[in-house]
Amino acid sequence: MAEVDVIVLGAGIVGVTTALNLRQHGASVALIDRAHPGDGTSGANAGIIAGNGFCPAQIPSGAAVWLDIALKQSCAFSFDVSTLLHLVPWIRSYLAHSGPQALQSYVRAMAPLRAQARAEHRRLARLANAERFYRKSGWLHLHRSEASLARAERERHYARIYGIDYQTLRGGEMHEVEPALRSDAFFGVYWPECDSISNPGGLTESLWREFIQGGGIYLNGDAGRLEQRRSRWILATPRTELRAPQVVAALGQATAAFAARFEESFPIALGRGYGRHFRPGSGVTLSRPVTDMDHGFTLTPMEQGIRLTTGIEIVGEDALANPQILHRARKRASDVFPLGQDLPLAGLMGSRDCLPDSLPVVGPSSKHRGLWYNFGYCGAGMALGPVCSRLIADRLAGAPPKRDADALLPLRFS
Ligand SMILES: Cc1cc2nc3c(=O)[nH]c(=O)nc-3n(C[C@H](O)[C@H](O)[C@H](O)COP(=O)(O)OP(=O)(O)OC[C@H]3O[C@@H](n4cnc5c(N)ncnc54)[C@H](O)[C@@H]3O)c2cc1C
């Protein structure tokens with residue numbers, strides 16, 4: 001049996017950085033996962049640490065886009081009907097959070113997190129000697145029409161308010177940023193205040209190694225076996241039984257199901273995405289992530305090759321993979337950049353865990369003493385996981401709650 005101060009459940013970017021921050025405060029910490037650290041969604045994303053991101057993911061609009069969706073030709077948004085019917089209450093709640101006032105609250109909660117995200121990553125990277133994974137690359141958004149560029153004006157509006165730089169590019173100007181782009185017909189928005197990660201799974205693994213070298217305990221185990229006995233949390237793992245007064249659940253897409261066991265309900269929708277690596281076409285390179293805002297895919301230069309990641313597929317957690325979505329994205333991506341052969345690496349799959357207000361759940365359970373939640377990052381956990389993990393670690397170390405973070409508390413769903 002081992003007694004620790006905190007058990008952290010889940011070793012994705014969120015759990016690993018929570019555990020690392022707690023160790024920095026001197027707490028004894030056991031980190032648990034049933035798979036290898038970084039092998040979940042944290043290893044399968046586009047690796048963008050965005051300084052912008054003021055508007056939550058939108059349900060797509062535009063007749064052409066919906067025709068694509070209806071004909072099952074979209075790689076930006078797709079769904080399986082039975083999951084969507086199941087999600088009707090979630091969709092109602094999401095729509096209720098889509099008005100101007102809700103957007104203001106979202107922006108007020110997100111802006112301070114976005115402002116600290118890159119610095120917090122770099123701080124942990126220095127600690128773990130993992131700076132090689134970071135690039136000051138910026139991020140390029142592509143729009144295939146002027147109407148599409150206009151639909152994204154809200155994001156630029158808030159960027160101006162919060163002093164985040166961007167440049168609108170037309171025609172040949174885009175080639176100055178990314179010479180290998182195929183078309184002059186697109187409209188671009190270049191966001192220089194974004195970093196990108198050259199191997200998100202590798203970075204998560206490096207931070208995990210730093211946690212272990214700093215005296216943290218890592219055990220393979222199943223969070224589903226956690227029990228509460230009086231003021232103690234107990235987890236039986238194949239190696240030993242762990243006991244702690246505090247537990248942080250950072251299980252990504254699996255957190256809501258975990259919480260249900262403790263009679264806490266979080267309305268969650270999963271937006272699955274797929275990924276694959278390609279060689280660049282001969283003689284060309286890509287220097288930064290490029291997102292096609294109309295077709296929802298992103299091309300990111302990674303250590304492994306050019307990573308193509310897809311948009312949102314609304315499906316249940318256990319639904320079979322749909323290779324057609326990646327196939328469609330591959331076709332659309334060749335309008336943007338000359339991709340070469342696909343590399344013989346395993347395909348990627350991950351899920352964005354989204355609450356209807358599009359904000360993560362970060363803070364103490366409103367029902368159980370000593371239980372904390374850190375999940376629900378939707379499409380932004382790689383960027384915001386570290387900064388929010390620090391909020392939790394600071395609180396567990398005795399710091400007073402930050403008013404800034406009130407909007408993230410689990411209490412809002414009780
Ligand atoms: C296609 C795609 C592209 C994305 N691009 C970006 C991007 O560019 N920038 C960005 O900021 N975000 C991006 N995201 C979102 C980001 O990847 C996620 O928000 C982030 O990885 C979530 O991290 P996590 O640690 O919460 O979850 P995960 O990485 O999924 O980690 C959860 C861990 O919990 C473990 N676990 C689950 N259940 C149990 C159990 N019962 N017992 C033990 N362990 C368990 C899993 O094995 C896993 O290791 C993207 C997501 C997708 C799908």
# chains A, B, ... in the order shown; residues from 1 in each chain; ligands from 1

call {"tool": "residues_around", "arguments": {"residues": "Leu22 (chain A)", "least_positions_apart": "4", "cutoff": "8 Å", "atoms": "only C-alpha atoms", "output": "CSV table (one decimal) with N, CA, C and O atoms, in the first residue's frame"}}
result
chain,number,residue,atom,x,y,z
A,18,THR,N,-0.6,18.6,-14.5
A,18,THR,CA,-1.2,18.7,-13.1
A,18,THR,C,-0.2,18.0,-12.2
A,18,THR,O,0.2,18.6,-11.1
A,26,GLY,N,6.0,20.4,-4.1
A,26,GLY,CA,6.5,19.5,-3.0
A,26,GLY,C,5.5,18.4,-2.6
A,26,GLY,O,5.8,17.7,-1.6
A,27,ALA,N,4.4,18.3,-3.3
A,27,ALA,CA,3.4,17.2,-2.9
A,27,ALA,C,3.9,15.8,-3.4
A,27,ALA,O,4.6,15.8,-4.4
A,28,SER,N,3.5,14.8,-2.6
A,28,SER,CA,3.8,13.4,-3.2
A,28,SER,C,2.6,13.1,-4.1
A,28,SER,O,1.4,13.3,-3.7
A,29,VAL,N,2.9,12.6,-5.3
A,29,VAL,CA,1.9,12.4,-6.3
A,29,VAL,C,2.0,11.1,-7.0
A,29,VAL,O,3.1,10.7,-7.3
A,393,ALA,N,-3.1,22.9,-9.2
A,393,ALA,CA,-2.0,22.6,-8.3
A,393,ALA,C,-1.8,23.7,-7.3
A,393,ALA,O,-1.6,23.4,-6.1
A,394,ASP,N,-1.9,25.0,-7.7
A,394,ASP,CA,-1.8,26.1,-6.7
A,394,ASP,C,-2.8,26.0,-5.7
A,394,ASP,O,-2.6,26.2,-4.5
A,396,LEU,N,-4.5,23.3,-4.7
A,396,LEU,CA,-4.2,22.2,-3.8
A,396,LEU,C,-3.1,22.5,-2.8
A,396,LEU,O,-3.0,21.9,-1.7
A,397,ALA,N,-2.2,23.4,-3.2
A,397,ALA,CA,-1.1,23.7,-2.4
A,397,ALA,C,-1.5,24.8,-1.4
A,397,ALA,O,-0.6,25.3,-0.7

call {"tool": "residues_around", "arguments": {"residues": "Gly138 (chain A)", "least_positions_apart": "2", "cutoff": "8 Å", "atoms": "only C-alpha atoms", "output": "JSON, numbers by chain"}}
result
{"A": [136, 140, 190, 191, 192, 193, 194, 195, 196, 288, 289]}

call {"tool": "write_last_selection", "arguments": {"atoms": "N, CA and C atoms", "output": "PDB file, in the first residue's frame"}}
result
ATOM      1  N   LYS A 136       8.220  29.060 -32.626  1.00  0.00           N
ATOM      2  CA  LYS A 136       7.452  30.313 -32.722  1.00  0.00           C
ATOM      3  C   LYS A 136       6.986  30.412 -34.166  1.00  0.00           C
ATOM      4  N   LEU A 140      -1.591  29.933 -39.670  1.00  0.00           N
ATOM      5  CA  LEU A 140      -2.253  30.521 -40.840  1.00  0.00           C
ATOM      6  C   LEU A 140      -3.650  29.925 -41.016  1.00  0.00           C
ATOM      7  N   TYR A 190      -3.159  35.543 -40.871  1.00  0.00           N
ATOM      8  CA  TYR A 190      -1.947  35.028 -40.221  1.00  0.00           C
ATOM      9  C   TYR A 190      -1.919  35.505 -38.771  1.00  0.00           C
ATOM     10  N   TRP A 191      -1.787  34.543 -37.850  1.00  0.00           N
ATOM     11  CA  TRP A 191      -1.757  34.849 -36.411  1.00  0.00           C
ATOM     12  C   TRP A 191      -0.330  34.597 -35.914  1.00  0.00           C
ATOM     13  N   PRO A 192       0.470  35.672 -35.797  1.00  0.00           N
ATOM     14  CA  PRO A 192       1.874  35.437 -35.411  1.00  0.00           C
ATOM     15  C   PRO A 192       2.048  35.022 -33.955  1.00  0.00           C
ATOM     16  N   GLU A 193       1.061  35.352 -33.087  1.00  0.00           N
ATOM     17  CA  GLU A 193       1.259  35.082 -31.652  1.00  0.00           C
ATOM     18  C   GLU A 193       0.800  33.672 -31.271  1.00  0.00           C
ATOM     19  N   CYS A 194       1.207  32.715 -32.081  1.00  0.00           N
ATOM     20  CA  CYS A 194       0.888  31.313 -31.795  1.00  0.00           C
ATOM     21  C   CYS A 194       2.178  30.508 -31.921  1.00  0.00           C
ATOM     22  N   ASP A 195       2.326  29.534 -31.056  1.00  0.00           N
ATOM     23  CA  ASP A 195       3.446  28.598 -31.177  1.00  0.00           C
ATOM     24  C   ASP A 195       2.898  27.276 -31.695  1.00  0.00           C
ATOM     25  N   SER A 196       3.801  26.398 -32.097  1.00  0.00           N
ATOM     26  CA  SER A 196       3.326  25.050 -32.416  1.00  0.00           C
ATOM     27  C   SER A 196       4.338  24.027 -31.902  1.00  0.00           C
ATOM     28  N   ARG A 288       4.594  26.076 -40.751  1.00  0.00           N
ATOM     29  CA  ARG A 288       3.681  26.380 -39.649  1.00  0.00           C
ATOM     30  C   ARG A 288       2.356  25.651 -39.867  1.00  0.00           C
ATOM     31  N   PRO A 289       1.530  25.548 -38.818  1.00  0.00           N
ATOM     32  CA  PRO A 289       0.206  24.956 -39.028  1.00  0.00           C
ATOM     33  C   PRO A 289      -0.639  25.841 -39.943  1.00  0.00           C
TER      34      PRO A 289
END

call {"tool": "closest_residue", "arguments": {"among": "A:Leu235, A:Met382, A:Ala19, A:Val315", "to": "Gly271 (chain A)", "atoms": "only C-alpha atoms"}}
result
A:Val315

call {"tool": "residues_around", "arguments": {"residues": "region 44-48 of chain A", "least_positions_apart": "5", "cutoff": "8 Å", "atoms": "only C-alpha atoms", "output": "list in words"}}
result
Asp39, Trp139, Cys194, Asp195, Ser196, Ile197, Ser198, Asn199, Pro200, Gly201, Tyr274, Gly275, Pro289, Thr298, Leu299, Thr300, Arg307, Leu308, Thr309, Leu348, Met349, Gly350, Met382 and Ala383 of chain A

call {"tool": "residues_around", "arguments": {"residues": "Arg243 (chain A)", "least_positions_apart": "5", "cutoff": "10 Å", "atoms": "only C-alpha atoms", "output": "VMD selection string"}}
result
chain A and resid 1 to 7 30 226 to 229 232 to 236

call {"tool": "write_last_selection", "arguments": {"atoms": "C-alpha atoms", "output": "compact mmCIF listing (two decimals), in the first residue's frame"}}
result
# COMPACT_ATOMS: atom_id res chain seq x y z
CA MET A 1 0.00 0.00 0.00
CA ALA A 2 1.23 3.55 -0.76
CA GLU A 3 -0.06 6.74 0.84
CA VAL A 4 0.37 9.94 -1.24
CA ASP A 5 -0.93 13.52 -1.07
CA VAL A 6 -2.64 13.42 -4.47
CA ILE A 7 -3.64 10.78 -7.04
CA ALA A 30 0.83 9.20 -8.00
CA LEU A 226 -11.41 4.43 -7.49
CA GLU A 227 -13.39 4.27 -4.24
CA GLN A 228 -14.14 6.76 -1.52
CA ARG A 229 -13.85 5.56 2.07
CA ARG A 232 -9.70 8.82 1.88
CA TRP A 233 -9.65 7.97 -1.82
CA ILE A 234 -8.48 4.45 -2.56
CA LEU A 235 -7.35 3.01 -5.86
CA ALA A 236 -6.32 -0.59 -6.35

call {"tool": "residues_around", "arguments": {"residues": "region 355-362 of chain A", "least_positions_apart": "6", "cutoff": "10 Å", "atoms": "only C-alpha atoms", "output": "number ranges by chain"}}
result
A: 55-57, 89-98, 102-103, 105-107, 109-110, 248-250, 266-270, 372-381, 384-385, 388-389, 391-392, 405-413

call {"tool": "closest_residue", "arguments": {"among": "A:Leu84, A:His295, A:Leu9, A:Phe133", "to": "Lys331 (chain A)", "atoms": "only C-alpha atoms"}}
result
A:His295

call {"tool": "residues_around", "arguments": {"residues": "Leu345 (chain A)", "least_positions_apart": "3", "cutoff": "9 Å", "atoms": "only C-alpha atoms", "output": "PyMOL selection string"}}
result
chain A and resi 276-277+304+342

call {"tool": "decode", "arguments": {"residues": "region 344-377 of chain A", "atoms": "N, CA, C and O atoms", "output": "CSV table (one decimal), in the first residue's frame"}}
result
chain,number,residue,atom,x,y,z
A,344,PRO,N,4.3,5.3,-43.4
A,344,PRO,CA,3.8,4.1,-42.8
A,344,PRO,C,3.8,4.1,-41.3
A,344,PRO,O,4.5,3.4,-40.6
A,345,LEU,N,3.1,5.1,-40.7
A,345,LEU,CA,2.9,5.2,-39.3
A,345,LEU,C,1.5,5.0,-38.9
A,345,LEU,O,0.6,5.2,-39.8
A,346,ALA,N,1.3,4.6,-37.7
A,346,ALA,CA,-0.1,4.3,-37.2
A,346,ALA,C,-1.0,5.6,-37.4
A,346,ALA,O,-0.5,6.7,-37.2
A,347,GLY,N,-2.2,5.4,-37.8
A,347,GLY,CA,-3.1,6.6,-37.9
A,347,GLY,C,-3.5,7.1,-36.5
A,347,GLY,O,-3.3,6.4,-35.5
A,348,LEU,N,-3.9,8.3,-36.4
A,348,LEU,CA,-4.2,8.9,-35.1
A,348,LEU,C,-5.7,9.1,-35.0
A,348,LEU,O,-6.4,9.4,-36.0
A,349,MET,N,-6.2,9.1,-33.8
A,349,MET,CA,-7.6,9.3,-33.5
A,349,MET,C,-7.7,9.9,-32.1
A,349,MET,O,-7.1,9.4,-31.2
A,350,GLY,N,-8.5,11.0,-31.9
A,350,GLY,CA,-8.6,11.5,-30.6
A,350,GLY,C,-10.0,12.2,-30.5
A,350,GLY,O,-10.7,12.4,-31.5
A,351,SER,N,-10.4,12.6,-29.3
A,351,SER,CA,-11.7,13.3,-29.2
A,351,SER,C,-11.6,14.6,-28.4
A,351,SER,O,-11.0,14.6,-27.4
A,352,ARG,N,-12.3,15.6,-29.0
A,352,ARG,CA,-12.4,16.8,-28.2
A,352,ARG,C,-13.6,16.7,-27.3
A,352,ARG,O,-14.7,16.4,-27.7
A,353,ASP,N,-13.3,16.9,-26.0
A,353,ASP,CA,-14.4,16.7,-25.0
A,353,ASP,C,-15.0,18.1,-24.7
A,353,ASP,O,-14.4,19.0,-24.1
A,354,CYS,N,-16.3,18.3,-25.2
A,354,CYS,CA,-16.8,19.6,-25.2
A,354,CYS,C,-18.1,19.8,-24.3
A,354,CYS,O,-19.0,19.0,-24.4
A,355,LEU,N,-18.1,20.8,-23.4
A,355,LEU,CA,-19.2,21.1,-22.6
A,355,LEU,C,-20.0,22.2,-23.4
A,355,LEU,O,-19.5,22.8,-24.3
A,356,PRO,N,-21.3,22.3,-23.1
A,356,PRO,CA,-22.1,23.2,-23.9
A,356,PRO,C,-21.7,24.7,-23.9
A,356,PRO,O,-21.9,25.4,-24.8
A,357,ASP,N,-21.0,25.1,-22.8
A,357,ASP,CA,-20.5,26.5,-22.7
A,357,ASP,C,-19.1,26.6,-23.3
A,357,ASP,O,-18.5,27.7,-23.2
A,358,SER,N,-18.6,25.5,-23.8
A,358,SER,CA,-17.3,25.4,-24.5
A,358,SER,C,-16.1,25.7,-23.5
A,358,SER,O,-15.0,25.9,-24.0
A,359,LEU,N,-16.3,25.8,-22.2
A,359,LEU,CA,-15.3,26.1,-21.3
A,359,LEU,C,-14.9,24.8,-20.6
A,359,LEU,O,-15.7,23.9,-20.4
A,360,PRO,N,-13.6,24.7,-20.2
A,360,PRO,CA,-13.2,23.4,-19.4
A,360,PRO,C,-13.8,23.4,-18.0
A,360,PRO,O,-14.3,24.5,-17.5
A,361,VAL,N,-13.7,22.3,-17.4
A,361,VAL,CA,-14.1,22.1,-16.0
A,361,VAL,C,-12.9,22.0,-15.2
A,361,VAL,O,-12.1,21.0,-15.3
A,362,VAL,N,-12.6,23.0,-14.4
A,362,VAL,CA,-11.3,23.0,-13.6
A,362,VAL,C,-11.6,23.5,-12.2
A,362,VAL,O,-12.0,24.6,-11.9
A,363,GLY,N,-11.5,22.5,-11.3
A,363,GLY,CA,-11.7,22.9,-9.9
A,363,GLY,C,-12.3,21.8,-9.0
A,363,GLY,O,-12.4,20.6,-9.5
A,364,PRO,N,-12.7,22.1,-7.8
A,364,PRO,CA,-13.1,21.0,-6.9
A,364,PRO,C,-14.5,20.6,-7.2
A,364,PRO,O,-15.4,21.4,-7.6
A,365,SER,N,-14.8,19.3,-7.0
A,365,SER,CA,-16.1,18.8,-7.1
A,365,SER,C,-17.1,19.5,-6.1
A,365,SER,O,-16.6,19.9,-5.0
A,366,SER,N,-18.3,19.7,-6.5
A,366,SER,CA,-19.2,20.4,-5.6
A,366,SER,C,-19.9,19.3,-4.7
A,366,SER,O,-20.7,19.7,-3.8
A,367,LYS,N,-19.6,18.0,-4.9
A,367,LYS,CA,-20.3,17.0,-4.1
A,367,LYS,C,-19.3,16.2,-3.2
A,367,LYS,O,-19.7,15.8,-2.1
A,368,HIS,N,-18.1,16.1,-3.6
A,368,HIS,CA,-17.2,15.2,-2.9
A,368,HIS,C,-15.9,15.9,-2.4
A,368,HIS,O,-15.2,16.4,-3.3
A,369,ARG,N,-15.7,15.9,-1.2
A,369,ARG,CA,-14.5,16.5,-0.6
A,369,ARG,C,-13.2,15.8,-1.2
A,369,ARG,O,-13.2,14.5,-1.2
A,370,GLY,N,-12.3,16.5,-1.6
A,370,GLY,CA,-11.0,15.9,-2.1
A,370,GLY,C,-11.0,15.4,-3.5
A,370,GLY,O,-10.0,14.9,-4.0
A,371,LEU,N,-12.1,15.6,-4.2
A,371,LEU,CA,-12.1,15.2,-5.6
A,371,LEU,C,-12.1,16.5,-6.5
A,371,LEU,O,-12.9,17.4,-6.3
A,372,TRP,N,-11.2,16.5,-7.5
A,372,TRP,CA,-11.0,17.7,-8.3
A,372,TRP,C,-11.2,17.3,-9.8
A,372,TRP,O,-10.8,16.1,-10.1
A,373,TYR,N,-11.7,18.2,-10.6
A,373,TYR,CA,-11.8,17.9,-12.1
A,373,TYR,C,-11.0,18.8,-12.9
A,373,TYR,O,-10.8,20.0,-12.6
A,374,ASN,N,-10.4,18.2,-14.0
A,374,ASN,CA,-9.6,19.0,-14.9
A,374,ASN,C,-9.8,18.4,-16.3
A,374,ASN,O,-9.0,17.5,-16.7
A,375,PHE,N,-10.8,18.8,-17.0
A,375,PHE,CA,-11.1,18.2,-18.3
A,375,PHE,C,-12.1,19.2,-19.1
A,375,PHE,O,-12.4,20.3,-18.6
A,376,GLY,N,-12.5,18.7,-20.3
A,376,GLY,CA,-13.5,19.5,-21.1
A,376,GLY,C,-12.9,20.6,-21.9
A,376,GLY,O,-13.5,21.6,-22.1
A,377,TYR,N,-11.7,20.3,-22.5
A,377,TYR,CA,-11.0,21.4,-23.2
A,377,TYR,C,-11.4,21.6,-24.6
A,377,TYR,O,-10.8,22.4,-25.3
